[in-house]
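Asker: For reference, the file work17.tsv (TSV, C-alpha atoms and all ligand atoms) is included below:
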```tsv
chain	number	residue	atom	x	y	z
I	12	VAL	CA	86.47	134.98	43.45
I	13	THR	CA	85.84	138.68	42.88
I	14	GLU	CA	83.27	139.56	40.25
I	15	ARG	CA	85.19	141.91	37.93
I	16	ARG	CA	82.41	144.23	36.81
I	17	TYR	CA	84.58	146.48	34.62
I	18	LEU	CA	84.76	143.61	32.13
I	19	ASP	CA	81.08	144.00	31.27
I	20	ASP	CA	80.71	147.74	31.75
I	21	ALA	CA	83.80	149.94	31.60
I	22	ALA	CA	81.69	153.13	31.84
I	23	VAL	CA	80.83	152.74	35.54
I	24	ARG	CA	82.62	155.17	37.88
I	25	GLU	CA	80.73	154.50	41.14
I	26	PHE	CA	79.46	151.25	42.63
I	27	THR	CA	78.64	149.56	45.92
I	28	ALA	CA	80.08	146.26	47.12
I	29	ARG	CA	80.51	144.15	50.26
I	30	VAL	CA	83.85	143.59	52.00
I	31	ASP	CA	84.51	139.84	51.77
I	32	ARG	CA	87.92	139.89	53.42
I	33	SER	CA	89.90	142.56	55.21
I	34	HIS	CA	93.44	142.46	56.60
I	35	ASP	CA	95.69	145.40	57.50
I	36	ASP	CA	95.61	147.69	54.46
I	37	ARG	CA	94.10	145.13	52.08
I	38	VAL	CA	90.46	144.62	51.09
I	39	VAL	CA	88.79	141.99	48.94
I	40	LEU	CA	85.28	142.90	47.74
I	41	ASP	CA	82.57	140.59	46.41
I	42	ARG	CA	82.66	142.63	43.19
I	43	THR	CA	84.65	145.56	41.88
I	44	HIS	CA	84.94	148.10	39.11
I	45	PHE	CA	88.60	148.81	40.00
I	46	TYR	CA	90.93	147.56	37.27
I	47	PRO	CA	93.86	145.55	38.74
I	48	SER	CA	97.33	145.95	37.14
I	49	GLY	CA	97.81	143.57	34.26
I	50	GLY	CA	98.27	143.21	30.53
I	51	GLY	CA	100.43	146.35	30.41
I	52	GLN	CA	97.64	148.49	31.88
I	53	PRO	CA	98.21	150.05	35.33
I	54	HIS	CA	95.62	149.63	38.09
I	55	ASP	CA	92.89	152.15	38.82
I	56	THR	CA	92.98	154.41	41.85
I	57	GLY	CA	90.05	155.98	43.68
I	58	THR	CA	88.23	155.73	46.99
I	59	LEU	CA	86.18	153.34	49.13
I	60	SER	CA	83.75	154.98	51.54
I	61	THR	CA	81.48	153.92	54.40
I	62	GLU	CA	79.59	155.94	57.01
I	63	GLU	CA	82.79	155.67	59.07
I	64	GLY	CA	85.10	157.30	56.60
I	65	THR	CA	86.87	157.27	53.26
I	66	TRP	CA	89.92	155.28	52.19
I	67	ARG	CA	92.19	156.05	49.23
I	68	VAL	CA	92.72	153.03	46.97
I	69	THR	CA	96.40	153.25	46.08
I	70	ARG	CA	97.02	149.92	44.35
I	71	VAL	CA	94.87	147.09	42.96
I	72	GLU	CA	96.19	143.64	42.14
I	73	GLY	CA	95.07	140.11	41.34
I	74	ARG	CA	92.68	138.45	38.93
I	75	ASP	CA	90.54	135.72	40.53
I	76	GLU	CA	90.72	137.60	43.80
I	77	VAL	CA	91.16	141.35	43.37
I	78	VAL	CA	93.01	142.98	46.28
I	79	HIS	CA	92.54	146.71	46.92
I	80	TYR	CA	95.33	148.39	48.92
I	81	VAL	CA	94.10	151.34	50.98
I	82	ASP	CA	95.71	154.03	53.13
I	83	GLY	CA	95.17	152.90	56.72
I	84	ASP	CA	93.34	149.98	58.28
I	85	ALA	CA	90.86	148.57	55.82
I	86	PRO	CA	87.09	148.63	56.47
I	87	PRO	CA	85.94	145.46	58.29
I	88	GLU	CA	84.44	142.33	56.72
I	89	GLY	CA	80.73	142.48	56.00
I	90	THR	CA	80.74	146.26	55.53
I	91	THR	CA	79.04	147.76	52.52
I	92	VAL	CA	81.36	150.22	50.77
I	93	ALA	CA	80.84	152.78	48.03
I	94	GLY	CA	83.63	152.69	45.49
I	95	GLU	CA	84.59	155.54	43.21
I	96	ILE	CA	87.13	155.31	40.39
I	97	ASP	CA	89.51	158.21	39.59
I	98	TRP	CA	88.08	158.80	36.15
I	99	GLU	CA	90.75	160.92	34.46
I	100	ARG	CA	93.33	158.23	35.09
I	101	ARG	CA	91.04	155.39	33.96
I	102	ARG	CA	89.95	157.27	30.86
I	103	ALA	CA	93.56	157.95	29.88
I	104	HIS	CA	94.39	154.26	30.30
I	105	SER	CA	91.37	153.26	28.20
I	106	ARG	CA	92.39	155.64	25.40
I	107	TYR	CA	95.99	154.41	25.40
I	108	HIS	CA	94.87	150.79	25.58
I	109	THR	CA	92.53	151.19	22.61
I	110	ALA	CA	95.29	152.96	20.66
I	111	GLN	CA	97.58	150.02	21.43
I	112	HIS	CA	95.06	147.66	19.79
I	113	LEU	CA	95.17	149.81	16.64
I	114	LEU	CA	98.98	149.86	16.67
I	115	SER	CA	99.25	146.08	17.19
I	116	ALA	CA	96.77	145.37	14.38
I	117	HIS	CA	98.45	147.83	12.03
I	118	LEU	CA	101.97	146.48	12.67
I	119	LEU	CA	100.74	142.94	12.06
I	120	GLY	CA	98.90	143.86	8.89
I	121	ALA	CA	101.47	146.21	7.36
I	122	TYR	CA	104.78	144.73	8.62
I	123	ASP	CA	103.86	141.21	9.75
I	124	ALA	CA	105.25	142.32	13.14
I	125	GLU	CA	103.65	140.61	16.12
I	126	THR	CA	103.25	142.46	19.40
I	127	VAL	CA	105.38	140.83	22.09
I	128	GLY	CA	104.94	143.32	24.91
I	129	ASN	CA	103.36	146.63	25.84
I	130	GLN	CA	103.14	149.07	28.73
I	131	LEU	CA	100.91	152.10	28.98
I	132	TYR	CA	100.70	155.02	31.39
I	133	GLU	CA	98.43	158.04	31.71
I	134	ASP	CA	100.58	160.16	29.38
I	135	ARG	CA	102.55	157.76	27.18
I	136	ALA	CA	102.83	154.16	26.02
I	137	ARG	CA	105.31	151.79	24.44
I	138	LEU	CA	104.90	148.63	22.44
I	139	ASP	CA	107.45	145.95	21.57
I	140	ALA	CA	107.10	144.17	18.25
I	141	GLY	CA	108.94	141.31	16.62
I	142	TYR	CA	110.62	143.22	13.79
I	143	ASP	CA	114.12	143.98	12.56
I	144	ARG	CA	114.17	147.75	12.26
I	145	PHE	CA	111.55	150.47	11.69
I	146	THR	CA	112.81	153.45	9.65
I	147	GLU	CA	111.83	157.08	10.25
I	148	ALA	CA	109.59	156.79	7.17
I	149	ASP	CA	107.92	153.72	8.67
I	150	LEU	CA	107.19	155.61	11.88
I	151	GLY	CA	105.59	158.45	9.89
I	152	ASP	CA	103.49	155.92	7.99
I	153	VAL	CA	102.44	154.22	11.23
I	154	GLU	CA	101.45	157.53	12.77
I	155	SER	CA	99.27	158.57	9.85
I	156	ALA	CA	97.68	155.11	9.62
I	157	LEU	CA	96.74	155.29	13.30
I	158	ASN	CA	95.29	158.78	12.94
I	159	ASP	CA	93.24	157.60	9.95
I	160	LEU	CA	91.84	154.81	12.16
I	161	VAL	CA	91.01	157.38	14.84
I	162	ASP	CA	89.28	159.59	12.27
I	163	ALA	CA	87.28	156.58	11.03
I	164	ASP	CA	85.79	156.41	14.55
I	165	LEU	CA	85.62	152.60	14.55
I	166	PRO	CA	83.25	151.11	17.15
I	167	VAL	CA	84.73	148.96	19.95
I	168	ARG	CA	82.80	145.84	21.05
I	169	HIS	CA	83.45	143.03	23.49
I	170	TYR	CA	81.87	139.67	24.21
I	171	ARG	CA	82.73	136.44	26.01
I	172	LEU	CA	83.49	133.09	24.40
I	173	THR	CA	84.54	129.77	25.82
I	174	ARG	CA	88.23	129.23	25.16
I	175	GLU	CA	87.37	126.15	23.08
I	176	GLU	CA	85.05	128.15	20.85
I	177	ALA	CA	87.56	131.00	20.55
I	178	GLU	CA	90.37	128.61	19.57
I	179	ARG	CA	88.12	126.97	16.98
I	180	THR	CA	86.74	130.10	15.34
I	181	LEU	CA	89.31	132.91	15.66
I	182	ASP	CA	92.68	133.57	13.99
I	183	PRO	CA	95.33	132.51	16.55
I	184	SER	CA	98.01	134.94	15.32
I	185	ARG	CA	95.69	137.84	16.14
I	186	THR	CA	93.91	136.68	19.26
I	187	ARG	CA	97.08	135.30	20.94
I	188	LEU	CA	95.12	132.76	22.97
I	189	ASP	CA	98.30	130.69	23.37
I	190	LEU	CA	99.59	133.35	25.79
I	191	LEU	CA	96.78	132.67	28.28
I	192	PRO	CA	97.36	130.23	31.15
I	193	ALA	CA	95.75	126.78	30.76
I	194	SER	CA	93.42	127.56	33.68
I	195	VAL	CA	91.59	130.20	31.62
I	196	THR	CA	88.44	128.58	30.20
I	197	GLU	CA	86.50	131.68	29.16
I	198	VAL	CA	87.94	134.59	27.23
I	199	ARG	CA	86.74	138.08	26.52
I	200	ILE	CA	87.08	139.05	22.89
I	201	VAL	CA	87.53	142.71	21.98
I	202	GLU	CA	86.73	143.81	18.43
I	203	LEU	CA	87.36	147.10	16.66
I	204	GLY	CA	85.60	148.08	13.46
I	205	ASP	CA	83.05	146.44	11.23
I	206	GLU	CA	81.11	143.50	12.73
I	207	SER	CA	81.48	141.14	9.79
I	208	GLU	CA	85.10	142.08	9.04
I	209	PRO	CA	86.61	143.65	12.18
I	210	TYR	CA	89.88	145.57	11.89
I	211	ASP	CA	91.13	143.96	15.11
I	212	ARG	CA	89.93	141.02	17.19
I	213	THR	CA	91.89	140.11	20.32
I	214	ALA	CA	91.43	138.28	23.60
I	215	CYS	CA	91.81	141.10	26.12
I	216	ALA	CA	90.69	141.88	29.66
I	217	GLY	CA	91.65	145.56	29.71
I	218	THR	CA	89.46	148.65	29.52
I	219	HIS	CA	88.79	150.50	26.26
I	220	VAL	CA	86.90	153.52	24.96
I	221	ASP	CA	83.66	152.94	23.02
I	222	SER	CA	84.98	154.11	19.66
I	223	THR	CA	88.40	154.99	18.26
I	224	GLY	CA	87.43	158.65	17.81
I	225	GLU	CA	87.78	159.02	21.60
I	226	ILE	CA	91.49	158.18	21.42
I	227	GLY	CA	92.55	161.62	20.20
I	228	THR	CA	95.55	162.46	18.04
I	229	VAL	CA	98.36	159.89	17.99
I	230	ALA	CA	102.01	161.01	17.89
I	231	VAL	CA	104.69	158.34	17.41
I	232	THR	CA	107.49	159.77	19.55
I	233	GLY	CA	110.31	157.34	18.92
I	234	ARG	CA	111.71	153.86	18.46
I	235	GLU	CA	114.61	151.89	19.83
I	236	THR	CA	115.98	148.43	19.30
I	237	GLN	CA	115.43	145.80	21.99
I	238	GLY	CA	118.00	143.36	20.64
I	239	SER	CA	117.78	141.46	17.39
I	240	GLU	CA	114.32	141.16	15.84
I	241	ARG	CA	112.66	143.28	18.51
I	242	GLU	CA	111.70	146.92	18.19
I	243	ARG	CA	110.13	149.27	20.70
I	244	ILE	CA	107.77	152.03	19.51
I	245	ARG	CA	106.76	154.91	21.79
I	246	PHE	CA	103.64	157.01	21.32
I	247	GLU	CA	101.66	159.76	22.99
I	248	LEU	CA	98.06	160.94	22.67
I	249	THR	CA	96.54	164.39	22.80
I	250	GLU	CA	92.78	165.03	23.02
U	301	ZN	ZN	92.52	145.58	25.17
```
Would you put the structure from the file into structure tokens?
Answerer:
Amino acid sequence: VTERRYLDDAAVREFTARVDRSHDDRVVLDRTHFYPSGGGQPHDTGTLSTEEGTWRVTRVEGRDEVVHYVDGDAPPEGTTVAGEIDWERRRAHSRYHTAQHLLSAHLLGAYDAETVGNQLYEDRARLDAGYDRFTEADLGDVESALNDLVDADLPVRHYRLTREEAERTLDPSRTRLDLLPASVTEVRIVELGDESEPYDRTACAGTHVDSTGEIGTVAVTGRETQGSERERIRFELTE
């Protein structure tokens, strides 16, 4: 099992780790700060270096065991490597991911529309919600609500709970714990806003910025239907 260090500290750009397993172009480390693709957030890229050389990390996958794909033959087992995350890409993902939390919470609160899917990139994102049809006026309202939440500079916190405790104490329609596989026994809760009355509280293993002010200006760029009772909203951020 790889220790996924980005869960506890998403501000780390450089780290050292040991190669646990190595095969062809794939490396498993004992711990990593590289985010593996999942939850609509693309993987990190970056480098792994030893005294022998530097490898580009082109793809990262997996949860219990995080596999780093590198260009060329991977460094051998037992080697200590220095990892470095491509920070512009990670930071963009964290901003988009945090904005997605705001959008999901706002759509649920204002339209009773649950998020059913999302995908973000470095320069754009989309979110699918269970809803009949958003009007142009709705999209304008959503955009200004999100920018108000950015201006409010809400703090972002995270902490771990046992699944049992999370299911007992948190609102299931917001935390979406039912979507997690049965094997998951501990969840990471992400909260935005006031501690006693958070604006959003979700089980999430992605990376986020420390406060919503870091998101930048939100532009809702479009919508399209995804069949009955499902709408897709697209948005972009500028710093
Ligand atoms: Zn998240």
Asker: Taking (85.9, 128.8, 22.4) in the coordinates of the supplied file, I want to know which residues reach to within 12 Å of it, counting all atoms listed in the file; could you give the answer as a VMD selection string?
Answerer: chain I and resid 170 to 183 186 188 195 to 200 214
Asker: From the list I:Asp97, I:Glu14, I:Asp84, I:Glu250, which residue is nearest His34 in chain I when using only C-alpha atoms?
Answerer: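 Under the stated criterion, the closest residue is I:Asp84.
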Asker: Compile a residue-level contact table for chain I against ligand ZN 301 (chain U) at a cut-off of 6 Å, reporting for every qualifying residue the shortest atom pair and its distance in Å to one decimal, with only C-alpha atoms and all ligand atoms counted, rows ordered by chain and ascending number, as a Markdown table.
Answerer:
```
| residue | atom | partner | partner_atom | distance |
| --- | --- | --- | --- | --- |
| I:His108 | CA | U:ZN301 | ZN | 5.7 |
| I:Cys215 | CA | U:ZN301 | ZN | 4.6 |
| I:Gly217 | CA | U:ZN301 | ZN | 4.6 |
```
Asker: To one decimal in Å, tell me the separation between CA of Asp152 in chain I and CA of Arg185 in chain I.
Answerer: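 Distance between the two atoms: 21.3 Å.
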Asker: Which of these, I:His112, I:Arg137, I:Arg245, I:Arg187, has the shortest distance to Gly204 in chain I once you count all atoms listed in the file?
Answerer: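 Checking each candidate against Gly204 in chain I, we get I:His112 as the closest.
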Asker: So what do you get for CA of Phe246 in chain I versus CA of Ala140 in chain I, distance-wise?
Answerer: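 Taking CA of Phe246 in chain I and CA of Ala140 in chain I, their separation equals 13.6 Å.
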Asker: Kindly provide the residues of range 118-170 of chain I that approach range 43-61 of chain I to within 7 Å, each paired with its closest atom pair and their distance in Å to one decimal, based on all atoms listed in the file, listed by chain and increasing number, as CSV.
Answerer:
```
residue,atom,partner,partner_atom,distance
I:Asn129,CA,I:Gly51,CA,5.4
I:Gln130,CA,I:Gly51,CA,4.2
I:Leu131,CA,I:Gln52,CA,5.7
I:Tyr132,CA,I:Pro53,CA,6.8
```
Asker: I need the residues from that last selection saved to file as a JSON list (two decimals), in the coordinates of the input (with C-alpha atoms), if you can.
Answerer:
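Dumped to result.json:
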```
[["chain", "number", "residue", "atom", "x", "y", "z"],
["I", 129, "ASN", "CA", 103.36, 146.63, 25.84],
["I", 130, "GLN", "CA", 103.14, 149.07, 28.73],
["I", 131, "LEU", "CA", 100.91, 152.10, 28.98],
["I", 132, "TYR", "CA", 100.70, 155.02, 31.39]]
```
Asker: List every protein, DNA or RNA residue that has an atom no more than 8 Å from (92.6, 156.7, 18.8) in the file's coordinate frame, counting all atoms listed in the file, and report them as an MDAnalysis selection string.
Answerer: chainID I and resid 106:107 109:110 113 157:158 160:162 223:229 248
Asker: If I take CA of Val38 in chain I and CA of Arg24 in chain I, how far is one from the other in Å, to one decimal?
Answerer: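 We find that CA of Val38 in chain I and CA of Arg24 in chain I lie 18.6 Å from each other.
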Asker: Within 8 Å of range 231-235 of chain I, which residues of range 101-152 of chain I come that close, and what is the closest atom pair and distance in Å for each? Count all atoms listed in the file and give it as a Markdown table.
Answerer:
```
| residue | atom | partner | partner_atom | distance |
| --- | --- | --- | --- | --- |
| I:Phe145 | CA | I:Arg234 | CA | 7.6 |
| I:Leu150 | CA | I:Val231 | CA | 6.7 |
| I:Gly151 | CA | I:Val231 | CA | 7.6 |
```
Asker: Output requested as a PDB file, keeping the file's coordinate frame - range 74-98 of chain I, filled out with N, CA and C atoms.
Answerer:
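Wrote rebuild.pdb, looks like this:
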```pdb
ATOM      1  N   ARG I  74      93.660 138.722  39.969  1.00  0.00           N
ATOM      2  CA  ARG I  74      92.680 138.450  38.930  1.00  0.00           C
ATOM      3  C   ARG I  74      91.472 137.707  39.521  1.00  0.00           C
ATOM      4  N   ASP I  75      91.668 136.467  39.945  1.00  0.00           N
ATOM      5  CA  ASP I  75      90.540 135.720  40.530  1.00  0.00           C
ATOM      6  C   ASP I  75      90.059 136.429  41.793  1.00  0.00           C
ATOM      7  N   GLU I  76      91.034 136.842  42.608  1.00  0.00           N
ATOM      8  CA  GLU I  76      90.720 137.600  43.800  1.00  0.00           C
ATOM      9  C   GLU I  76      91.405 138.961  43.674  1.00  0.00           C
ATOM     10  N   VAL I  77      90.605 140.006  43.570  1.00  0.00           N
ATOM     11  CA  VAL I  77      91.160 141.350  43.370  1.00  0.00           C
ATOM     12  C   VAL I  77      91.395 142.002  44.730  1.00  0.00           C
ATOM     13  N   VAL I  78      92.645 142.371  45.004  1.00  0.00           N
ATOM     14  CA  VAL I  78      93.010 142.980  46.280  1.00  0.00           C
ATOM     15  C   VAL I  78      93.181 144.486  46.112  1.00  0.00           C
ATOM     16  N   HIS I  79      92.433 145.257  46.919  1.00  0.00           N
ATOM     17  CA  HIS I  79      92.540 146.710  46.920  1.00  0.00           C
ATOM     18  C   HIS I  79      93.416 147.111  48.111  1.00  0.00           C
ATOM     19  N   TYR I  80      94.476 147.876  47.849  1.00  0.00           N
ATOM     20  CA  TYR I  80      95.330 148.390  48.920  1.00  0.00           C
ATOM     21  C   TYR I  80      94.859 149.794  49.275  1.00  0.00           C
ATOM     22  N   VAL I  81      94.610 150.037  50.572  1.00  0.00           N
ATOM     23  CA  VAL I  81      94.100 151.340  50.980  1.00  0.00           C
ATOM     24  C   VAL I  81      95.061 152.006  51.977  1.00  0.00           C
ATOM     25  N   ASP I  82      94.875 153.325  52.161  1.00  0.00           N
ATOM     26  CA  ASP I  82      95.710 154.030  53.130  1.00  0.00           C
ATOM     27  C   ASP I  82      95.079 153.873  54.517  1.00  0.00           C
ATOM     28  N   GLY I  83      95.703 153.121  55.375  1.00  0.00           N
ATOM     29  CA  GLY I  83      95.170 152.900  56.720  1.00  0.00           C
ATOM     30  C   GLY I  83      94.558 151.532  56.866  1.00  0.00           C
ATOM     31  N   ASP I  84      93.970 151.273  58.034  1.00  0.00           N
ATOM     32  CA  ASP I  84      93.340 149.980  58.280  1.00  0.00           C
ATOM     33  C   ASP I  84      92.068 149.859  57.473  1.00  0.00           C
ATOM     34  N   ALA I  85      91.964 148.763  56.763  1.00  0.00           N
ATOM     35  CA  ALA I  85      90.860 148.570  55.820  1.00  0.00           C
ATOM     36  C   ALA I  85      89.521 148.451  56.541  1.00  0.00           C
ATOM     37  N   PRO I  86      88.414 148.816  55.869  1.00  0.00           N
ATOM     38  CA  PRO I  86      87.090 148.630  56.470  1.00  0.00           C
ATOM     39  C   PRO I  86      86.837 147.139  56.763  1.00  0.00           C
ATOM     40  N   PRO I  87      86.099 146.853  57.852  1.00  0.00           N
ATOM     41  CA  PRO I  87      85.940 145.460  58.290  1.00  0.00           C
ATOM     42  C   PRO I  87      85.070 144.596  57.369  1.00  0.00           C
ATOM     43  N   GLU I  88      85.220 143.285  57.513  1.00  0.00           N
ATOM     44  CA  GLU I  88      84.440 142.330  56.720  1.00  0.00           C
ATOM     45  C   GLU I  88      82.953 142.517  56.952  1.00  0.00           C
ATOM     46  N   GLY I  89      82.183 142.346  55.905  1.00  0.00           N
ATOM     47  CA  GLY I  89      80.730 142.480  56.000  1.00  0.00           C
ATOM     48  C   GLY I  89      80.234 143.885  55.749  1.00  0.00           C
ATOM     49  N   THR I  90      81.149 144.867  55.762  1.00  0.00           N
ATOM     50  CA  THR I  90      80.740 146.260  55.530  1.00  0.00           C
ATOM     51  C   THR I  90      80.338 146.471  54.076  1.00  0.00           C
ATOM     52  N   THR I  91      79.355 147.317  53.869  1.00  0.00           N
ATOM     53  CA  THR I  91      79.040 147.760  52.520  1.00  0.00           C
ATOM     54  C   THR I  91      79.844 149.027  52.241  1.00  0.00           C
ATOM     55  N   VAL I  92      80.553 149.044  51.119  1.00  0.00           N
ATOM     56  CA  VAL I  92      81.360 150.220  50.770  1.00  0.00           C
ATOM     57  C   VAL I  92      80.885 150.795  49.444  1.00  0.00           C
ATOM     58  N   ALA I  93      81.082 152.104  49.312  1.00  0.00           N
ATOM     59  CA  ALA I  93      80.840 152.780  48.030  1.00  0.00           C
ATOM     60  C   ALA I  93      82.199 153.018  47.392  1.00  0.00           C
ATOM     61  N   GLY I  94      82.367 152.510  46.194  1.00  0.00           N
ATOM     62  CA  GLY I  94      83.630 152.690  45.490  1.00  0.00           C
ATOM     63  C   GLY I  94      83.509 153.775  44.437  1.00  0.00           C
ATOM     64  N   GLU I  95      84.576 154.538  44.274  1.00  0.00           N
ATOM     65  CA  GLU I  95      84.590 155.540  43.210  1.00  0.00           C
ATOM     66  C   GLU I  95      85.954 155.503  42.509  1.00  0.00           C
ATOM     67  N   ILE I  96      85.916 155.420  41.190  1.00  0.00           N
ATOM     68  CA  ILE I  96      87.130 155.310  40.390  1.00  0.00           C
ATOM     69  C   ILE I  96      87.623 156.719  40.019  1.00  0.00           C
ATOM     70  N   ASP I  97      88.934 156.961  40.105  1.00  0.00           N
ATOM     71  CA  ASP I  97      89.510 158.210  39.590  1.00  0.00           C
ATOM     72  C   ASP I  97      89.388 158.180  38.070  1.00  0.00           C
ATOM     73  N   TRP I  98      88.483 158.997  37.538  1.00  0.00           N
ATOM     74  CA  TRP I  98      88.080 158.800  36.150  1.00  0.00           C
ATOM     75  C   TRP I  98      89.081 159.325  35.121  1.00  0.00           C
TER      76      TRP I  98
END
```
